[in-house]
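Structure record follows, encoded as structure tokens.
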Amino acid sequence: MTGRSVQVKDGQVDKAIRKLKKKVNNSGILQEVRNRKEYVKPSTKRKLAKGAAKSRWRKKVAQDKLPPKFY
């Protein structure tokens with residue numbers, strides 16, 4: 001794993017912190033750490049994935065639904 005670093009220019013620490021957070025988020029380091037925190041059984045992974053797919057589908061159907069007619 002390579003190190004993540006950002007240069008602070010002209011004392012702009014807030015900007016450097018934002019850039020570092022973006023780099024870490026895009027690289028997926030935090031997500032990997034969260035996933036490795038505890039073991040999740042394969043059956044539980046499947047259940048979670050299926051539930052996420054169902055919620056995505058419900059959201060898509062709700063967005064595609066026509067608005068009610070007022071006449």
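Chain lettering (A, B, ...) mirrors the order of the structure tokens, residue numbering begins at 1 for each chain separately, and ligand numbering begins at 1 in order of display.
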Select from stretch 35-55 of chain A every residue with an atom at most 12 Å from any atom of stretch 60-63 of chain A, then for each give the shortest pair of atoms and their distance in Å to one decimal, using only C-alpha atoms, rows by chain and rising number, as CSV.
```
residue,atom,partner,partner_atom,distance
A:Ala53,CA,A:Lys60,CA,10.5
A:Lys54,CA,A:Lys60,CA,9.8
A:Ser55,CA,A:Lys60,CA,8.6
```
> Hey, can you check how far atom CA of A:Arg4 sits from atom CA of A:Leu30?
Replying inline: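 That distance, rounded to one decimal, is 12.6 Å.
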> Separation of atom CA of A:Gly3 and atom CA of A:Gln31, in Å?
Replying inline: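 Computing it gives 16.4 Å between the two atoms.
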>> Neighbouring residues of A:Gln7 were defined as those with any atom within 12 Å, considering only C-alpha atoms; residues of the same chain fewer than 5 positions away were excluded. Please report them as a count of residues only.
In response: 9
Apply DSSP to the backbone of this structure and, from chain A, keep only the residues in helix (DSSP H, G or I); write these as a CSV table (one decimal) with N, CA and C atoms, in the first residue's frame.
```csv
chain,number,residue,atom,x,y,z
A,13,VAL,N,-4.3,25.0,5.4
A,13,VAL,CA,-4.4,23.6,5.9
A,13,VAL,C,-5.8,23.0,5.6
A,14,ASP,N,-6.8,23.9,5.6
A,14,ASP,CA,-8.2,23.3,5.4
A,14,ASP,C,-8.3,22.8,4.0
A,15,LYS,N,-7.7,23.4,3.0
A,15,LYS,CA,-7.7,23.0,1.6
A,15,LYS,C,-6.9,21.7,1.5
A,16,ALA,N,-5.8,21.6,2.2
A,16,ALA,CA,-5.0,20.4,2.1
A,16,ALA,C,-5.7,19.2,2.8
A,17,ILE,N,-6.4,19.4,3.9
A,17,ILE,CA,-7.2,18.4,4.5
A,17,ILE,C,-8.3,17.9,3.6
A,18,ARG,N,-9.0,18.8,2.9
A,18,ARG,CA,-10.0,18.4,2.0
A,18,ARG,C,-9.5,17.5,0.9
A,19,LYS,N,-8.3,17.9,0.3
A,19,LYS,CA,-7.7,17.2,-0.7
A,19,LYS,C,-7.3,15.8,-0.2
A,20,LEU,N,-6.8,15.7,1.0
A,20,LEU,CA,-6.4,14.4,1.6
A,20,LEU,C,-7.6,13.5,1.7
A,21,LYS,N,-8.7,14.1,2.3
A,21,LYS,CA,-9.9,13.3,2.4
A,21,LYS,C,-10.4,12.8,1.1
A,22,LYS,N,-10.3,13.6,0.1
A,22,LYS,CA,-10.8,13.2,-1.2
A,22,LYS,C,-9.9,12.0,-1.8
A,23,LYS,N,-8.6,12.1,-1.6
A,23,LYS,CA,-7.7,11.1,-2.1
A,23,LYS,C,-8.0,9.8,-1.3
A,24,VAL,N,-8.1,9.8,0.0
A,24,VAL,CA,-8.4,8.6,0.8
A,24,VAL,C,-9.7,8.0,0.4
A,25,ASN,N,-10.7,8.8,0.2
A,25,ASN,CA,-12.1,8.4,-0.2
A,25,ASN,C,-12.0,7.7,-1.6
A,26,ASN,N,-11.4,8.3,-2.5
A,26,ASN,CA,-11.3,7.8,-3.9
A,26,ASN,C,-10.5,6.5,-4.0
A,27,SER,N,-9.5,6.3,-3.1
A,27,SER,CA,-8.7,5.1,-3.1
A,27,SER,C,-9.4,3.9,-2.5
A,29,ILE,N,-9.6,3.2,0.8
A,29,ILE,CA,-8.9,2.7,2.0
A,29,ILE,C,-9.9,2.6,3.2
A,30,LEU,N,-10.7,3.6,3.4
A,30,LEU,CA,-11.6,3.6,4.6
A,30,LEU,C,-12.6,2.5,4.4
A,31,GLN,N,-13.1,2.3,3.2
A,31,GLN,CA,-14.1,1.2,3.0
A,31,GLN,C,-13.5,-0.2,3.2
A,32,GLU,N,-12.2,-0.3,2.8
A,32,GLU,CA,-11.6,-1.6,3.1
A,32,GLU,C,-11.4,-1.9,4.6
A,33,VAL,N,-11.0,-0.8,5.3
A,33,VAL,CA,-10.8,-1.0,6.7
A,33,VAL,C,-12.1,-1.3,7.4
A,34,ARG,N,-13.2,-0.7,7.0
A,34,ARG,CA,-14.5,-1.0,7.6
A,34,ARG,C,-14.9,-2.4,7.3
A,35,ASN,N,-14.6,-2.9,6.0
A,35,ASN,CA,-15.0,-4.2,5.7
A,35,ASN,C,-14.2,-5.3,6.4
A,36,ARG,N,-13.0,-5.0,6.8
A,36,ARG,CA,-12.1,-5.9,7.5
A,36,ARG,C,-12.3,-5.9,9.0
A,42,PRO,N,-20.6,-15.3,4.1
A,42,PRO,CA,-21.1,-15.2,2.7
A,42,PRO,C,-22.6,-15.1,2.5
A,43,SER,N,-23.3,-15.9,3.3
A,43,SER,CA,-24.8,-15.8,3.2
A,43,SER,C,-25.3,-14.4,3.6
A,44,THR,N,-24.7,-13.8,4.6
A,44,THR,CA,-25.1,-12.5,5.1
A,44,THR,C,-24.8,-11.5,4.0
A,45,LYS,N,-23.6,-11.6,3.3
A,45,LYS,CA,-23.3,-10.7,2.2
A,45,LYS,C,-24.3,-10.8,1.1
A,46,ARG,N,-24.7,-12.0,0.8
A,46,ARG,CA,-25.7,-12.2,-0.2
A,46,ARG,C,-27.1,-11.5,0.2
A,47,LYS,N,-27.4,-11.7,1.4
A,47,LYS,CA,-28.7,-11.1,1.9
A,47,LYS,C,-28.6,-9.5,1.8
A,48,LEU,N,-27.4,-9.0,2.2
A,48,LEU,CA,-27.3,-7.5,2.2
A,48,LEU,C,-27.3,-7.0,0.7
A,49,ALA,N,-26.6,-7.8,-0.2
A,49,ALA,CA,-26.6,-7.4,-1.6
A,49,ALA,C,-28.0,-7.4,-2.2
A,50,LYS,N,-28.8,-8.5,-1.8
A,50,LYS,CA,-30.1,-8.6,-2.3
A,50,LYS,C,-31.0,-7.5,-1.8
A,51,GLY,N,-30.9,-7.1,-0.6
A,51,GLY,CA,-31.7,-6.0,0.0
A,51,GLY,C,-31.3,-4.7,-0.6
A,52,ALA,N,-30.0,-4.5,-0.9
A,52,ALA,CA,-29.6,-3.2,-1.6
A,52,ALA,C,-30.2,-3.2,-3.0
A,53,ALA,N,-30.2,-4.3,-3.7
A,53,ALA,CA,-30.7,-4.4,-5.0
A,53,ALA,C,-32.2,-4.1,-5.0
A,54,LYS,N,-32.9,-4.6,-4.0
A,54,LYS,CA,-34.4,-4.4,-3.9
A,54,LYS,C,-34.7,-2.9,-3.7
A,55,SER,N,-33.9,-2.3,-2.8
A,55,SER,CA,-34.1,-0.8,-2.5
A,55,SER,C,-33.8,0.0,-3.7
A,56,ARG,N,-32.7,-0.4,-4.5
A,56,ARG,CA,-32.4,0.4,-5.7
A,56,ARG,C,-33.6,0.3,-6.7
A,57,TRP,N,-34.1,-1.0,-6.8
A,57,TRP,CA,-35.2,-1.2,-7.7
A,57,TRP,C,-36.5,-0.4,-7.3
A,58,ARG,N,-36.8,-0.4,-6.0
A,58,ARG,CA,-37.9,0.4,-5.5
A,58,ARG,C,-37.7,1.9,-5.8
A,59,LYS,N,-36.5,2.4,-5.6
A,59,LYS,CA,-36.2,3.8,-5.9
A,59,LYS,C,-36.4,4.1,-7.4
A,60,LYS,N,-35.9,3.2,-8.3
A,60,LYS,CA,-36.1,3.4,-9.7
A,60,LYS,C,-37.5,3.4,-10.1
A,61,VAL,N,-38.3,2.5,-9.6
A,61,VAL,CA,-39.7,2.4,-9.9
A,61,VAL,C,-40.4,3.6,-9.5
A,62,ALA,N,-40.1,4.1,-8.3
A,62,ALA,CA,-40.8,5.3,-7.8
A,62,ALA,C,-40.4,6.5,-8.6
A,63,GLN,N,-39.2,6.6,-9.1
A,63,GLN,CA,-38.8,7.7,-10.0
A,63,GLN,C,-39.5,7.7,-11.3
A,64,ASP,N,-39.7,6.5,-11.8
A,64,ASP,CA,-40.3,6.3,-13.1
A,64,ASP,C,-41.8,6.4,-13.1
```
